[in-house]
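File shown here: model-v4.txt, holding compact mmCIF, C-alpha atoms.
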# COMPACT_ATOMS: atom_id res chain seq x y z
CA MET A 1 -7.89 -9.82 -3.98
CA THR A 2 -5.49 -12.72 -3.49
CA ASP A 3 -7.11 -13.65 -0.18
CA TYR A 4 -10.57 -13.63 -1.75
CA HIS A 5 -9.45 -16.02 -4.48
CA GLY A 6 -7.44 -18.26 -2.17
CA VAL A 7 -4.14 -17.27 -3.75
CA LEU A 8 -1.83 -17.17 -0.74
CA LEU A 9 0.79 -14.75 -1.97
CA ALA A 10 2.78 -12.39 0.25
CA GLN A 11 3.02 -8.79 -0.93
CA GLU A 12 6.78 -9.18 -0.66
CA ASP A 13 6.67 -11.89 -3.34
CA ALA A 14 4.21 -10.19 -5.71
CA ASP A 15 5.32 -8.11 -8.70
CA PHE A 16 2.29 -5.86 -8.28
CA ALA A 17 0.47 -4.02 -5.52
CA ILE A 18 -2.17 -6.46 -4.29
CA PRO A 19 -5.47 -4.53 -4.50
CA PHE A 20 -8.09 -4.23 -1.80
CA PHE A 21 -11.81 -4.25 -2.49
CA ASN A 22 -13.79 -1.12 -1.58
CA GLU A 23 -10.78 1.09 -0.88
CA ASP A 24 -7.64 2.35 -2.58
CA ILE A 25 -4.01 1.54 -1.84
CA PRO A 26 -2.32 4.74 -0.56
CA LEU A 27 0.42 4.70 -3.20
CA TYR A 28 0.80 6.40 -6.57
CA VAL A 29 2.47 5.70 -9.91
CA ASP A 30 5.59 7.85 -10.19
CA PRO A 31 6.57 8.25 -13.87
CA PHE A 32 10.11 9.20 -12.82
CA LEU A 33 10.68 5.56 -11.80
CA MET A 34 10.03 4.57 -15.43
CA TRP A 35 12.35 7.33 -16.68
CA LYS A 36 15.26 6.16 -14.48
CA SER A 37 14.65 2.44 -14.97
CA PRO A 38 17.32 0.27 -16.62
CA SER A 39 14.47 -1.61 -18.32
CA GLN A 40 14.03 -0.68 -21.97
CA GLN A 41 10.34 -1.50 -21.60
CA ASP A 42 9.88 1.05 -18.80
CA ILE A 43 11.85 3.68 -20.69
CA ALA A 44 9.69 3.10 -23.77
CA LEU A 45 6.54 3.39 -21.68
CA HIS A 46 7.73 6.70 -20.25
CA CYS A 47 8.36 7.94 -23.77
CA ALA A 48 4.86 6.81 -24.79
CA LEU A 49 3.36 8.65 -21.82
CA LEU A 50 5.17 11.88 -22.71
CA SER A 51 4.31 11.51 -26.37
CA ALA A 52 0.60 11.22 -25.54
CA PHE A 53 0.59 14.14 -23.14
CA ASN A 54 2.63 16.44 -25.35
CA TYR A 55 0.39 15.56 -28.29
CA VAL A 56 -2.53 16.92 -26.28
CA GLY A 57 -0.59 20.13 -25.70
CA GLN A 58 0.11 20.46 -29.41
CA LEU A 59 -3.57 19.99 -30.21
CA ALA A 60 -4.36 23.06 -28.12
CA LEU A 61 -1.59 25.07 -29.79
CA LYS A 62 -3.08 24.18 -33.17
CA GLY A 63 -6.52 25.45 -32.20
CA GLU A 64 -8.08 22.09 -31.30
CA SER A 65 -8.63 22.90 -27.62
CA ASP A 66 -12.01 21.18 -27.37
CA ARG A 67 -10.56 17.84 -28.41
CA ALA A 68 -7.54 18.33 -26.15
CA ILE A 69 -9.81 19.09 -23.19
CA GLU A 70 -11.89 15.97 -23.81
CA ILE A 71 -8.74 13.83 -23.81
CA LEU A 72 -7.43 15.35 -20.58
CA ILE A 73 -10.75 14.90 -18.81
CA ALA A 74 -10.90 11.24 -19.87
CA ALA A 75 -7.31 10.67 -18.73
CA SER A 76 -7.68 12.37 -15.36
CA GLU A 77 -9.08 9.35 -13.51
CA CYS A 78 -8.33 5.62 -13.68
CA ASP A 79 -10.58 3.85 -11.19
CA GLU A 80 -9.54 0.35 -12.26
CA VAL A 81 -6.10 0.59 -10.59
CA GLY A 82 -7.37 1.44 -7.09
CA LEU A 83 -4.51 3.75 -6.10
CA GLY A 84 -4.87 6.74 -3.81
CA THR A 85 -6.87 7.44 -0.67
CA SER A 86 -10.48 6.96 -1.75
CA ARG A 87 -12.64 4.76 0.44
CA THR A 88 -14.84 3.89 -2.52
CA ARG A 89 -12.28 3.23 -5.30
CA THR A 90 -14.07 5.91 -7.27
CA GLY A 91 -12.44 9.23 -8.09
CA LYS A 92 -13.60 12.45 -9.69
CA ARG A 93 -12.37 13.68 -13.07
CA ILE A 94 -11.13 17.20 -13.63
CA GLY A 95 -13.46 19.75 -15.17
CA ARG A 96 -13.07 21.72 -18.37
CA ASP A 97 -11.63 24.74 -16.56
CA LYS A 98 -8.84 22.70 -14.96
CA ALA A 99 -8.09 21.01 -18.28
CA GLN A 100 -7.82 24.45 -19.86
CA GLU A 101 -5.35 25.51 -17.15
CA ILE A 102 -3.15 22.57 -18.07
CA LEU A 103 -3.28 23.46 -21.75
CA ASP A 104 -2.43 27.07 -20.95
CA VAL A 105 0.94 25.88 -19.63
CA PHE A 106 1.90 24.91 -23.17
CA ARG A 107 0.97 28.39 -24.38
CA ARG A 108 2.53 30.29 -21.50
CA ILE A 109 5.96 28.62 -21.39
CA PRO A 110 7.91 28.69 -24.69
CA ARG A 111 9.96 25.61 -23.79
CA TYR A 112 6.83 23.47 -23.53
CA ALA A 113 5.34 24.93 -26.70
CA GLN A 114 8.47 23.98 -28.64
CA GLU A 115 9.70 20.80 -26.99
CA GLY A 116 6.93 19.62 -24.69
CA LEU A 117 7.18 18.33 -21.14
CA ALA A 118 10.19 16.26 -20.11
CA HIS A 119 8.29 14.92 -17.08
CA ILE A 120 4.53 15.21 -16.65
CA GLU A 121 5.20 15.76 -12.92
CA GLU A 122 6.27 19.31 -13.87
CA LEU A 123 2.59 20.25 -14.12
CA GLN A 124 2.54 20.39 -10.31
CA PHE A 125 4.59 23.59 -10.44
CA PHE A 126 2.19 25.51 -12.67
CA VAL A 127 -1.37 24.26 -12.12
CA ASP A 128 -3.16 24.33 -8.77
CA GLY A 129 -4.89 21.06 -7.90
CA ILE A 130 -2.51 18.88 -9.92
CA SER A 131 -0.58 16.69 -7.53
CA LYS A 132 0.43 13.07 -6.98
CA ASP A 133 -3.04 11.59 -7.49
CA ARG A 134 -3.62 13.32 -10.84
CA ILE A 135 -0.10 12.55 -12.05
CA SER A 136 -0.66 8.90 -11.20
CA ASP A 137 -4.06 8.78 -12.91
CA PHE A 138 -2.75 10.45 -16.06
CA ALA A 139 0.07 7.89 -16.22
CA CYS A 140 -2.26 4.92 -15.70
CA SER A 141 -4.79 6.18 -18.23
CA PHE A 142 -2.32 6.74 -21.05
CA LEU A 143 -0.58 3.41 -20.25
CA LYS A 144 -3.76 1.43 -19.65
CA SER A 145 -3.12 -0.88 -22.61
CA PHE A 146 0.14 -2.03 -20.98
CA LEU A 147 -1.57 -2.43 -17.59
CA ILE A 148 -4.21 -4.67 -19.22
CA ASP A 149 -1.50 -6.93 -20.67
CA PHE A 150 0.42 -6.91 -17.37
CA THR A 151 -2.73 -7.85 -15.44
CA ILE A 152 -3.62 -10.69 -17.78
CA ASP A 153 -0.09 -12.08 -17.51
CA GLN A 154 -0.03 -11.94 -13.70
CA CYS A 155 -3.45 -13.53 -13.39
CA GLU A 156 -2.46 -16.38 -15.68
CA ARG A 157 0.74 -16.96 -13.71
CA LEU A 158 -1.02 -17.04 -10.34
CA GLY A 159 -4.31 -18.64 -11.30
CA ILE A 160 -6.39 -15.59 -10.39
CA PRO A 161 -9.86 -15.95 -11.97
CA THR A 162 -10.73 -13.52 -14.77
CA GLN A 163 -13.72 -12.86 -16.96
CA ARG A 164 -14.31 -10.91 -20.13
CA GLU A 165 -15.02 -7.31 -19.20
CA LYS A 166 -15.56 -4.08 -21.08
CA ILE A 167 -12.99 -1.46 -20.27
CA ALA A 168 -13.28 2.20 -21.18
CA ASN A 169 -10.76 4.93 -21.98
CA VAL A 170 -7.94 2.84 -23.44
CA TRP A 171 -5.44 5.09 -25.20
CA ASP A 172 -4.61 4.09 -28.80
CA PRO A 173 -1.22 5.63 -29.71
CA ARG A 174 -1.84 5.04 -33.44
CA LEU A 175 -5.17 6.83 -33.58
CA ARG A 176 -4.20 9.15 -30.71
CA THR A 177 -7.54 8.85 -29.06
CA PHE A 178 -9.26 7.01 -26.24
CA GLY A 179 -11.39 4.03 -27.16
CA SER A 180 -12.96 1.05 -25.43
CA GLY A 181 -12.44 -2.66 -25.66
CA GLU A 182 -12.77 -5.99 -23.89
CA ALA A 183 -10.24 -8.08 -22.00
CA MET A 184 -10.04 -11.03 -19.61
CA LEU A 185 -9.59 -9.26 -16.27
CA PRO A 186 -10.15 -9.92 -12.56
CA ILE A 187 -13.14 -8.16 -11.04
CA ASP A 188 -14.04 -6.56 -7.74
CA PRO A 189 -16.81 -8.87 -6.44
CA THR A 190 -18.36 -6.05 -4.42
CA ASP A 191 -19.40 -4.10 -7.50
CA GLY A 192 -18.41 -6.19 -10.53
CA ARG A 193 -15.95 -3.62 -11.88
CA PRO A 194 -12.72 -4.76 -13.58
CA LEU A 195 -9.40 -4.45 -11.77
CA LEU A 196 -6.01 -3.54 -13.19
CA LEU A 197 -2.78 -4.52 -11.46
CA VAL A 198 0.10 -2.05 -11.27
CA PRO A 199 3.82 -2.99 -11.10
CA LYS A 200 5.02 -2.18 -7.61
CA ARG A 201 8.35 -1.00 -9.06
CA TRP A 202 6.51 2.15 -10.20
CA LEU A 203 4.93 3.06 -6.88
CA ARG A 204 5.80 5.76 -4.38
CA PHE A 205 3.95 7.59 -1.62
CA VAL A 206 5.06 10.89 -3.15
CA PRO A 207 6.52 11.48 -6.66
CA TRP A 208 10.29 11.96 -6.79
CA ILE A 209 9.63 15.32 -8.45
CA ASN A 210 7.08 17.01 -6.20
CA PHE A 211 5.89 20.46 -5.16
CA ASP A 212 6.57 20.17 -1.41
CA ASP A 213 10.20 19.20 -2.01
CA TYR A 214 10.59 22.05 -4.49
CA PHE A 215 8.99 24.58 -2.13
CA GLU A 216 11.18 23.56 0.81
CA LYS A 217 14.57 23.21 -0.90
CA HIS A 218 14.57 25.15 -4.19
CA CYS A 219 11.84 27.77 -4.29
CA PRO A 220 13.22 31.34 -3.91
CA GLN A 221 10.61 32.24 -1.29
CA ASP A 222 12.19 35.56 -0.31
CA GLU A 223 12.20 36.65 -3.94
CA ILE A 224 8.52 35.87 -4.36
CA SER A 225 7.30 37.51 -1.17
CA HIS A 226 8.60 39.81 1.58
CA THR A 227 6.69 37.61 4.03
CA PRO A 228 7.65 34.05 3.00
CA ASP A 229 5.99 32.63 6.10
CA THR A 230 2.60 33.49 4.59
CA LEU A 231 3.49 32.52 1.02
CA THR A 232 0.65 30.65 -0.68
CA ARG A 233 0.83 27.86 -3.24
CA VAL A 234 -0.96 30.02 -5.81
CA GLU A 235 1.67 32.76 -5.46
CA VAL A 236 4.42 30.21 -6.08
CA LEU A 237 2.63 28.80 -9.13
CA ASN A 238 2.22 32.28 -10.60
CA TYR A 239 5.91 32.97 -10.05
CA ASN A 240 6.92 29.67 -11.65
CA ARG A 241 4.99 30.43 -14.84
CA ASP A 242 7.12 33.53 -15.39
CA ASN A 243 10.35 31.98 -14.18
CA TYR A 244 10.54 28.57 -15.81
CA GLY A 245 14.31 28.43 -15.28
CA ILE A 246 13.85 27.89 -11.53
CA VAL A 247 11.66 24.86 -12.13
CA SER A 248 14.01 23.54 -14.82
CA ALA A 249 16.97 23.74 -12.45
CA TYR A 250 15.04 21.84 -9.79
CA VAL A 251 14.05 19.09 -12.24
CA LYS A 252 17.65 18.75 -13.43
CA SER A 253 18.81 18.38 -9.82
CA LYS A 254 16.29 15.58 -9.28
CA GLU A 255 17.50 13.86 -12.45
CA ARG A 256 21.09 14.01 -11.21
CA SER A 257 20.08 12.31 -7.96
CA LEU A 258 18.17 9.54 -9.73
CA ALA A 259 20.06 6.82 -7.87
CA ASP A 260 18.21 7.83 -4.70
CA ALA A 261 14.76 7.47 -6.31
CA GLN A 262 13.38 4.12 -5.26
CA ASN A 263 9.91 2.66 -5.18
CA ASP A 264 8.22 2.60 -1.78
CA PRO A 265 7.27 -0.76 -0.27
CA LEU A 266 3.65 -1.22 0.69
CA PHE A 267 4.77 -2.06 4.21
CA SER A 268 7.92 -0.88 5.99
CA GLN A 269 9.27 -2.63 9.05
CA ILE A 270 10.07 -0.46 12.03
CA PRO A 271 13.80 -0.08 12.84
CA VAL A 272 15.39 -2.49 15.31
CA ARG A 273 15.83 0.30 17.88
CA SER A 274 12.10 1.09 17.65
CA ALA A 275 11.26 -2.59 18.07
CA ARG A 276 13.30 -2.73 21.27
CA ASN A 277 11.65 0.45 22.54
CA LYS A 278 8.18 -0.95 21.85
CA TYR A 279 9.01 -4.11 23.76
CA MET A 280 10.39 -2.14 26.72
CA LEU A 281 7.17 -0.12 26.79
CA ILE A 282 5.14 -3.33 26.84
CA LYS A 283 7.33 -4.84 29.58
CA LYS A 284 6.94 -1.79 31.86
CA LEU A 285 3.16 -1.61 31.56
CA PRO A 286 1.09 -2.92 34.45
CA THR A 287 -1.60 -5.48 33.74
CA GLY A 288 -5.20 -4.38 33.74
CA LYS A 289 -6.74 -1.05 32.74
CA THR A 290 -5.15 1.37 35.22
CA ASP A 291 -4.18 4.64 33.49
CA GLY A 292 -5.16 3.16 30.14
CA ALA A 293 -2.54 0.39 30.37
CA ASP A 294 -4.72 -1.94 28.29
CA ILE A 295 -4.97 0.57 25.44
CA LYS A 296 -1.23 1.31 25.55
CA TYR A 297 -0.54 -2.42 25.49
CA GLU A 298 -2.76 -2.94 22.46
CA GLU A 299 -1.27 0.03 20.59
CA ALA A 300 2.34 -1.06 21.20
CA THR A 301 1.56 -4.65 20.24
CA CYS A 302 -0.27 -3.48 17.10
CA GLN A 303 2.83 -1.54 16.05
CA LEU A 304 5.34 -4.24 16.92
CA LEU A 305 3.93 -7.56 15.71
CA PRO A 306 3.31 -6.59 12.04
CA SER A 307 7.00 -5.68 11.70
CA LEU A 308 8.25 -8.77 13.52
CA LEU A 309 6.17 -11.11 11.36
CA TYR A 310 6.69 -9.43 7.97
CA PRO A 311 7.11 -10.72 5.29
CA ASN A 312 6.05 -14.18 6.43
CA MET A 313 2.63 -12.86 7.40
CA ASP A 314 1.04 -9.84 5.74
CA PHE A 315 -0.75 -7.52 8.16
CA ALA A 316 -4.45 -7.27 7.34
CA ALA A 317 -6.12 -5.16 10.03
CA ALA A 318 -6.41 -4.21 13.68
CA GLN A 319 -10.06 -4.53 14.59
CA ALA A 320 -12.36 -4.38 17.57
CA ARG A 321 -15.17 -6.82 18.25
CA THR A 322 -17.59 -7.42 21.10
CA ASP A 323 -18.21 -10.76 22.80
CA SER A 324 -20.80 -10.99 25.61
CA GLY A 325 -20.52 -7.25 26.17
CA VAL A 326 -16.71 -7.34 26.34
CA SER A 327 -14.70 -5.25 23.88
CA ILE A 328 -11.88 -7.25 22.30
CA ARG A 329 -9.00 -6.01 20.13
CA ASP A 330 -7.60 -8.31 17.48
CA LEU A 331 -4.78 -8.27 14.97
CA ILE A 332 -5.58 -10.11 11.74
CA PHE A 333 -2.85 -11.37 9.38
CA TYR A 334 -3.01 -13.00 5.99
CA ASN A 335 -1.49 -16.47 5.93
CA THR A 336 1.01 -16.42 3.06
CA ARG A 337 2.11 -20.07 3.51
CA ARG A 338 5.73 -18.91 3.15
CA SER A 339 6.97 -21.33 5.82
CA PRO A 340 6.24 -25.00 6.60
CA PHE A 341 4.50 -23.90 9.81
CA LEU A 342 2.14 -21.54 7.96
CA GLN A 343 1.45 -24.24 5.39
CA GLU A 344 0.66 -26.66 8.20
CA ILE A 345 -1.90 -24.43 9.94
CA PHE A 346 -3.50 -23.78 6.56
CA ASN A 347 -3.78 -27.50 5.83
CA ASP A 348 -4.80 -28.62 9.34
CA TYR A 349 -6.98 -25.70 10.49
CA GLY A 350 -8.10 -23.97 7.28
CA SER A 351 -6.42 -20.75 8.40
CA ARG A 352 -6.33 -18.38 5.45
CA GLN A 353 -6.05 -15.65 8.07
CA VAL A 354 -4.55 -15.76 11.55
CA THR A 355 -6.08 -13.97 14.54
CA PHE A 356 -4.01 -12.55 17.41
CA GLU A 357 -6.19 -11.55 20.39
CA MET A 358 -4.51 -9.15 22.83
CA LYS A 359 -5.12 -9.50 26.56
CA ASN A 360 -3.30 -7.25 29.04
CA VAL A 361 -4.22 -9.37 32.04
CA ALA A 362 -2.19 -11.00 34.82
CA GLU A 363 -3.81 -14.36 34.12
CA ILE A 364 -5.70 -15.71 31.13
CA GLU A 365 -9.06 -17.09 32.26
CA ARG A 366 -11.35 -19.65 30.69
CA THR A 367 -13.67 -16.88 29.42
CA HIS A 368 -10.79 -15.42 27.41
CA VAL A 369 -10.08 -18.76 25.75
CA ASP A 370 -13.77 -19.28 25.02
CA GLN A 371 -14.11 -15.81 23.47
CA LEU A 372 -11.33 -16.56 20.99
CA ASN A 373 -12.67 -20.06 20.43
CA ARG A 374 -16.07 -18.71 19.36
CA TYR A 375 -14.35 -16.40 16.89
CA LEU A 376 -12.32 -19.12 15.19
CA ALA A 377 -14.50 -20.19 12.29
CA ASP A 378 -15.05 -19.85 8.56
CA GLU A 379 -12.35 -17.87 6.73
CA LEU A 380 -10.34 -17.25 9.91
CA GLY A 381 -9.81 -20.95 10.37
CA ARG A 382 -9.38 -22.83 13.64
CA PHE A 383 -5.99 -21.55 14.78
CA GLY A 384 -5.61 -18.50 17.03
CA ILE A 385 -3.04 -16.80 19.24
CA LEU A 386 -3.54 -15.12 22.60
CA VAL A 387 -1.03 -12.32 23.14
CA THR A 388 -0.78 -11.85 26.88
CA ARG A 389 1.66 -11.15 29.69
CA ASN A 390 2.29 -14.48 31.47
CA PRO A 391 2.22 -18.22 30.69
CA LEU A 392 -1.11 -20.04 30.87
CA LYS A 393 -1.97 -21.71 34.14
CA LYS A 394 -2.25 -25.50 34.10
CA ALA A 395 -6.06 -25.51 34.12
CA ILE A 396 -6.25 -23.03 31.22
CA MET A 397 -3.65 -24.99 29.26
CA LYS A 398 -5.84 -28.07 29.76
CA ARG A 399 -8.82 -26.11 28.40
CA THR A 400 -6.94 -25.34 25.16
CA ILE A 401 -5.94 -29.00 24.85
CA ASP A 402 -9.57 -30.07 25.35
CA LEU A 403 -10.62 -27.70 22.55
CA TRP A 404 -8.08 -29.36 20.26
CA SER A 405 -9.28 -32.83 21.25
CA GLY A 406 -12.97 -32.04 20.84
CA GLN A 407 -13.07 -29.44 18.04
CA ARG A 408 -9.61 -29.62 16.47
CA LYS A 409 -8.99 -25.96 17.27
CA ALA A 410 -5.54 -24.77 18.31
CA ILE A 411 -4.98 -21.79 20.62
CA VAL A 412 -1.46 -20.89 21.69
CA ALA A 413 -0.23 -18.04 23.87
CA LEU A 414 2.55 -15.52 23.28
CA THR A 415 3.86 -14.01 26.51
CA ASP A 416 6.15 -11.08 27.27
CA THR A 417 9.07 -13.52 27.27
CA ASP A 418 8.11 -14.79 23.81
CA ILE A 419 7.78 -11.26 22.44
CA GLU A 420 11.21 -10.43 23.87
CA GLN A 421 12.67 -13.47 22.12
CA MET A 422 11.02 -12.41 18.84
CA VAL A 423 12.60 -8.94 19.16
CA GLU A 424 16.02 -10.50 19.85
CA VAL A 425 15.69 -12.70 16.76
CA PHE A 426 14.53 -9.68 14.74
CA ASP A 427 17.62 -7.81 15.96
CA SER A 428 20.13 -10.58 15.23
CA LYS A 429 18.66 -11.45 11.83
CA GLN A 430 19.93 -15.00 12.36
CA ARG A 431 16.45 -16.50 12.32
CA GLU A 432 12.87 -15.41 11.68
CA PRO A 433 10.68 -14.12 14.56
CA ILE A 434 7.91 -16.41 13.37
CA ASP A 435 10.13 -19.31 14.51
CA VAL A 436 9.16 -18.41 18.08
CA ILE A 437 5.49 -19.00 17.22
CA THR A 438 6.44 -22.23 15.44
CA LYS A 439 8.17 -23.40 18.64
CA LYS A 440 5.16 -22.48 20.79
CA TYR A 441 2.87 -24.44 18.49
CA ALA A 442 5.19 -27.47 18.56
CA GLU A 443 5.09 -27.40 22.37
CA PHE A 444 1.31 -27.19 22.28
CA ARG A 445 0.99 -30.15 19.92
CA ARG A 446 3.31 -32.26 22.07
CA ALA A 447 0.94 -31.69 24.99
CA CYS A 448 -2.09 -32.81 22.93
CA PRO A 449 -3.18 -36.49 22.98

Turn this file's structure into structure tokens for me.
Amino acid sequence: MTDYHGVLLAQEDADFAIPFFNEDIPLYVDPFLMWKSPSQQDIALHCALLSAFNYVGQLALKGESDRAIEILIAASECDEVGLGTSRTRTGKRIGRDKAQEILDVFRRIPRYAQEGLAHIEELQFFVDGISKDRISDFACSFLKSFLIDFTIDQCERLGIPTQREKIANVWDPRLRTFGSGEAMLPIDPTDGRPLLLVPKRWLRFVPWINFDDYFEKHCPQDEISHTPDTLTRVEVLNYNRDNYGIVSAYVKSKERSLADAQNDPLFSQIPVRSARNKYMLIKKLPTGKTDGADIKYEEATCQLLPSLLYPNMDFAAAQARTDSGVSIRDLIFYNTRRSPFLQEIFNDYGSRQVTFEMKNVAEIERTHVDQLNRYLADELGRFGILVTRNPLKKAIMKRTIDLWSGQRKAIVALTDTDIEQMVEVFDSKQREPIDVITKKYAEFRRACP
């Protein structure tokens, strides 16, 4: 979204998960992070979430199951936030039968009938098909009013364009019902739907309270089955409904370890040891395609460079393209303009994105330079990097200088030696690995007329 609107903001510096168009972000809202937060606002939001959900349970207990089911179905999907694993940013709501299963939990377990849920994540231990994606959607749906205000505030701060949009299924805590309204929101230009931004402090890959953790560390598998190796999820759920104390003890243990519950970053750098290992793999590879050396080179480089360059450059994609019948593998990064160098290539070459073309060859040839040159246009800008094994020969270096003189395009090369220096800088933490690229560009510009 930020790239589309020309807002050059690194994910590291954003307060929200920057959404993609056409596909979801593989993270989920974890309500436990609100519960453990020192922020009174987050604590109040968690209370509001529980109040809404437990109200639905009470409706069913009072004989108003139809209304309770309608509310749960409406709350079971929140497409505007774009979280999860969907390739279309469109999810599927639960059906009436699944909603009824959720309501049956309030009838079956006396504690919930009397006091309600303490964490909506507990539903995972009693209802099949309720996991991290549903928990996240329920949270976003019941807190949608806050997400609207949060989105408006972030867009105003960053200058992200908005337009008045209708938005459905907004929970009204006074009327205790879902309604619709209008708000100034950003949109997905691919389909015109409104977008909601989500605070990244709430996001995890897996909820802190989750079924897999419970099954592995707390579930009395031997007590449930004489053959625990073949124990099914449904058998565990049935056991939990009649033995609420086991689940309660697990939840209490997770509450006691709240200090360890942290939000997950959208990108995690590889450890220093792994970075060294990746470089050693690259260094030992022969040039060319023998025994798949070119593929191994591309894979190792694709794993290493995003970590070395983060957070100065946000990784966008590894992609393949074809030029004159030749298959080419590129790494594309968003230019965040976090450093003077990145600001300079944005100003001078229009580089909102930066392309790294990988070439596992003994020598870069003119055709390689020309292939990258043809690709440098439009939103990619006129600055590119060849990632290769050895320094450019004098004639090839002259070709890159001629391109700068005639077309004002800049192509620099990163060699094995440069990658090694980037890893050393990454290890020492004294400077930024991107400084190596800055140095290479400065050398290139000094050679230009």

Handout entry: Exercise: Ala183 in chain A partners within 9 Å, only C-alpha atoms, chain neighbours under 4 positions left out, as a list of chain:residue names
Key =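 My list of contacting residues is A:Ile148, A:Asp149, A:Ile152, A:Gln163, A:Arg164, A:Glu165, A:Lys166, A:Ile167.
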
Practice task
Using all atoms listed in the file, find all polymer residues with an atom at most 7 Å away from the point (3.8, 20.2, -6.5); report them as a PyMOL selection string.
Solution key: chain A and resi 124-125+131+210-212

Practice task
Give the answer as one residue: which of A:Asp213, A:Glu365, A:Glu12, A:Glu298 has the shortest atom-to-atom distance to Thr336 in chain A, using all atoms listed in the file?
Solution key: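 Under the stated criterion, the closest residue is A:Glu12.
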
Problem - Counting all atoms listed in the file, the option among A:Glu357, A:Glu424, A:Glu432, A:Asp260 closest to Pro311 in chain A - result: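 Under the stated criterion, the closest residue is A:Glu432.
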
Exercise for the section: In the coordinates of the file, take the point (7.6, 14.0, -18.6) and a cut-off of 12 Å; then, counting all atoms listed in the file, name each qualifying protein, DNA or RNA residue as a VMD selection string. Expected result: chain A and resid 30 to 36 43 45 to 54 112 115 to 124 135 138 to 139 209 251 255

Would you save the residues from that selection as a short mmCIF file (atom, residue, chain, number, x, y, z; two decimals), in the coordinates of the input, using C-alpha atoms?
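So result-v7.cif came out as:
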data_model
loop_
_atom_site.label_atom_id
_atom_site.label_comp_id
_atom_site.auth_asym_id
_atom_site.auth_seq_id
_atom_site.Cartn_x
_atom_site.Cartn_y
_atom_site.Cartn_z
CA ASP A 30 5.59 7.85 -10.19
CA PRO A 31 6.57 8.25 -13.87
CA PHE A 32 10.11 9.20 -12.82
CA LEU A 33 10.68 5.56 -11.80
CA MET A 34 10.03 4.57 -15.43
CA TRP A 35 12.35 7.33 -16.68
CA LYS A 36 15.26 6.16 -14.48
CA ILE A 43 11.85 3.68 -20.69
CA LEU A 45 6.54 3.39 -21.68
CA HIS A 46 7.73 6.70 -20.25
CA CYS A 47 8.36 7.94 -23.77
CA ALA A 48 4.86 6.81 -24.79
CA LEU A 49 3.36 8.65 -21.82
CA LEU A 50 5.17 11.88 -22.71
CA SER A 51 4.31 11.51 -26.37
CA ALA A 52 0.60 11.22 -25.54
CA PHE A 53 0.59 14.14 -23.14
CA ASN A 54 2.63 16.44 -25.35
CA TYR A 112 6.83 23.47 -23.53
CA GLU A 115 9.70 20.80 -26.99
CA GLY A 116 6.93 19.62 -24.69
CA LEU A 117 7.18 18.33 -21.14
CA ALA A 118 10.19 16.26 -20.11
CA HIS A 119 8.29 14.92 -17.08
CA ILE A 120 4.53 15.21 -16.65
CA GLU A 121 5.20 15.76 -12.92
CA GLU A 122 6.27 19.31 -13.87
CA LEU A 123 2.59 20.25 -14.12
CA GLN A 124 2.54 20.39 -10.31
CA ILE A 135 -0.10 12.55 -12.05
CA PHE A 138 -2.75 10.45 -16.06
CA ALA A 139 0.07 7.89 -16.22
CA ILE A 209 9.63 15.32 -8.45
CA VAL A 251 14.05 19.09 -12.24
CA GLU A 255 17.50 13.86 -12.45
#

Practice task
Could you tell me which of A:Cys219, A:Ala17, A:Ala60, A:Leu309 comes closest to Gly245 in chain A if we count only C-alpha atoms?
Solution key: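 Smallest separation from Gly245 in chain A among the options: A:Cys219.
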
Handout entry: Spatial neighbours of range 267-280 of chain A, max dist 8 Å, all atoms listed in the file, sep filter under 5 positions, as a PyMOL selection string
Key = chain A and resi 300-301+303-304+306-308+310+419-420+423+426-427

Problem - Between CA of Phe142 in chain A and CA of Phe126 in chain A, distance in Å (one decimal) - result: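 For CA of Phe142 in chain A relative to CA of Phe126 in chain A, the distance reads 21.0 Å.
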
Problem - Interatomic distance, CA of Lys144 in chain A to CA of Arg176 in chain A (Å, one decimal) - result: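 The value is 13.5 Å.
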